[in-house]
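Novice: Let me begin by handing over the structure; questions about it come next.
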Amino acid sequence: MNRRLTLHRVVLLGIVFSLATLLFAQGAPDKQLLIDGKTAGTVLQVKGHSYVDIETLAKLTNGSVAFEPNQIVLTIPASDSSATPPQSAQGISKDFATAAIAALAEMREWKGALATMVTFGLAASGTWAQTYHDRAETSLAQASVAASTNSDRGALQLLTNQYTNLAKWAGEFAAERQALNGARTMDPNALRKDPVLVKFSNCDTFLNSMLVSGVFADNSSCH
């Protein structure tokens, strides 16, 4: 009789202990979920694991949750890859456009000085002639530093071609002067018909228009 009573008490105590353990586990204090210093929900901890309310999860992910008879459907929207356009689609940056337009202006000044030398048969060498060259070169370098997008770099290549073509023409003109070749000076239409200078003018017009629009494009006159 006493043995049965003792066994009954042991079983009863075991059940009470199990229930107390379960209640203690379920009754563990919840924790607040903080995101960027702001309360975003409550975290429930059970047996060493953390759980977040599914509706809170849907809110955090900008999703939606649907409760159906046999399932819960959580829908999380895909990330919008178009929110930040790729670099190639960013167009020509304002800083680069400003620097490139300034470089074009310096190249036009250089071309004008060369045209004056040709027209009046002036020497193609000298400090003042080198000054125009150096100013155009410096402006081109500044535009190169300002290039930050793929469109900038594409436009920079065309701008560099413009500078290179003019520098080559200037070198050829200087060589003619050293060889005492005055054919350009003797022909009043030499500059107007010169294919390099015609190409330069066409490219200059194109580049200015492109830089103002902010949209990169290519043009054969700038090659």
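Letters A, B, ... go to the chains of the structure tokens in the order shown; residues in each chain start at 1; ligands are counted from 1 in the same order.
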For region 95-112 of chain A, please output as a CSV table (one decimal) with C-alpha atoms, in the first residue's frame all residues within 7 Å (counting only C-alpha atoms; exclusion window: fewer than 2 positions along the same chain).
Specialist:
```csv
chain,number,residue,atom,x,y,z
A,92,ILE,CA,27.5,61.9,-69.2
A,93,SER,CA,28.1,63.4,-65.8
A,114,LEU,CA,47.2,78.0,-86.1
A,115,ALA,CA,44.9,79.4,-88.8
A,116,THR,CA,46.3,82.9,-88.2
A,132,TYR,CA,47.9,77.3,-77.0
A,133,HIS,CA,49.1,73.7,-77.2
A,135,ARG,CA,46.4,75.0,-72.5
A,136,ALA,CA,44.5,72.5,-74.7
A,139,SER,CA,42.2,71.0,-70.3
A,140,LEU,CA,42.1,67.6,-71.8
A,142,GLN,CA,41.3,67.8,-66.5
A,143,ALA,CA,38.5,66.3,-68.5
A,146,ALA,CA,36.5,64.3,-64.3
A,147,ALA,CA,35.4,61.2,-66.3
A,152,ASP,CA,32.2,59.9,-69.8
A,163,TYR,CA,43.0,66.8,-79.7
A,208,ASN,CA,29.3,70.2,-78.0
A,211,LEU,CA,27.9,67.0,-74.1
```
Novice: My list of candidates is A:Thr138, A:Gln90, A:Thr127, A:Thr160. Which is closest to Val215 (chain A) when distances are computed with only C-alpha atoms?
Specialist: A:Gln90
Novice: Record the distance separating CA of Ser221 (chain A) and CA of Met117 (chain A), expressed in Å with one decimal.
Specialist: 24.5 Å
Novice: What is the CA of Phe206 (chain A)-CA of Val145 (chain A) distance in Å, reported with one decimal?
Specialist: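 If I compute the distance from CA of Phe206 (chain A) to CA of Val145 (chain A), I get 21.9 Å.
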Novice: Quick one: residues within 12 Å of Pro195 (chain A), only C-alpha atoms counted, chain neighbours fewer than 4 positions away excluded, as a list of chain:residue names?
Specialist: A:Asn165, A:Leu166, A:Trp169, A:Asn189, A:Ala190, A:Leu191, A:Lys199, A:Phe200, A:Ser201, A:Asn202, A:Ser221
Novice: Next, the residues of the selection above should be written as a PDB file, in the first residue's frame with N, CA and C atoms.
Specialist:
```pdb
ATOM      1  N   ASN A 165      44.141  64.666 -83.462  1.00  0.00           N
ATOM      2  CA  ASN A 165      44.083  65.065 -84.873  1.00  0.00           C
ATOM      3  C   ASN A 165      44.584  66.499 -85.079  1.00  0.00           C
ATOM      4  N   LEU A 166      44.214  67.380 -84.154  1.00  0.00           N
ATOM      5  CA  LEU A 166      44.663  68.767 -84.279  1.00  0.00           C
ATOM      6  C   LEU A 166      46.167  68.870 -84.034  1.00  0.00           C
ATOM      7  N   TRP A 169      47.953  67.750 -87.075  1.00  0.00           N
ATOM      8  CA  TRP A 169      47.891  68.783 -88.114  1.00  0.00           C
ATOM      9  C   TRP A 169      48.873  69.913 -87.815  1.00  0.00           C
ATOM     10  N   ASN A 189      42.109  79.508-100.146  1.00  0.00           N
ATOM     11  CA  ASN A 189      41.084  78.533 -99.745  1.00  0.00           C
ATOM     12  C   ASN A 189      41.674  77.313 -99.048  1.00  0.00           C
ATOM     13  N   ALA A 190      42.962  77.390 -98.730  1.00  0.00           N
ATOM     14  CA  ALA A 190      43.639  76.225 -98.154  1.00  0.00           C
ATOM     15  C   ALA A 190      42.979  75.768 -96.858  1.00  0.00           C
ATOM     16  N   LEU A 191      42.687  76.678 -95.960  1.00  0.00           N
ATOM     17  CA  LEU A 191      42.098  76.303 -94.671  1.00  0.00           C
ATOM     18  C   LEU A 191      40.664  75.802 -94.828  1.00  0.00           C
ATOM     19  N   LYS A 199      37.043  68.227 -90.775  1.00  0.00           N
ATOM     20  CA  LYS A 199      36.686  67.139 -89.865  1.00  0.00           C
ATOM     21  C   LYS A 199      36.676  67.636 -88.425  1.00  0.00           C
ATOM     22  N   PHE A 200      37.653  68.488 -88.094  1.00  0.00           N
ATOM     23  CA  PHE A 200      37.733  69.054 -86.740  1.00  0.00           C
ATOM     24  C   PHE A 200      36.475  69.867 -86.423  1.00  0.00           C
ATOM     25  N   SER A 201      36.051  70.700 -87.363  1.00  0.00           N
ATOM     26  CA  SER A 201      34.862  71.532 -87.155  1.00  0.00           C
ATOM     27  C   SER A 201      33.606  70.682 -86.985  1.00  0.00           C
ATOM     28  N   ASN A 202      33.492  69.627 -87.792  1.00  0.00           N
ATOM     29  CA  ASN A 202      32.326  68.745 -87.683  1.00  0.00           C
ATOM     30  C   ASN A 202      32.295  68.031 -86.334  1.00  0.00           C
ATOM     31  N   SER A 221      33.292  61.630 -87.558  1.00  0.00           N
ATOM     32  CA  SER A 221      34.157  62.810 -87.684  1.00  0.00           C
ATOM     33  C   SER A 221      35.111  62.963 -86.507  1.00  0.00           C
TER      34      SER A 221
END
```
Novice: Between CA of His223 (chain A) and CA of Asn161 (chain A), measure the distance and give it in Å to one decimal.
Specialist: 5.9 Å
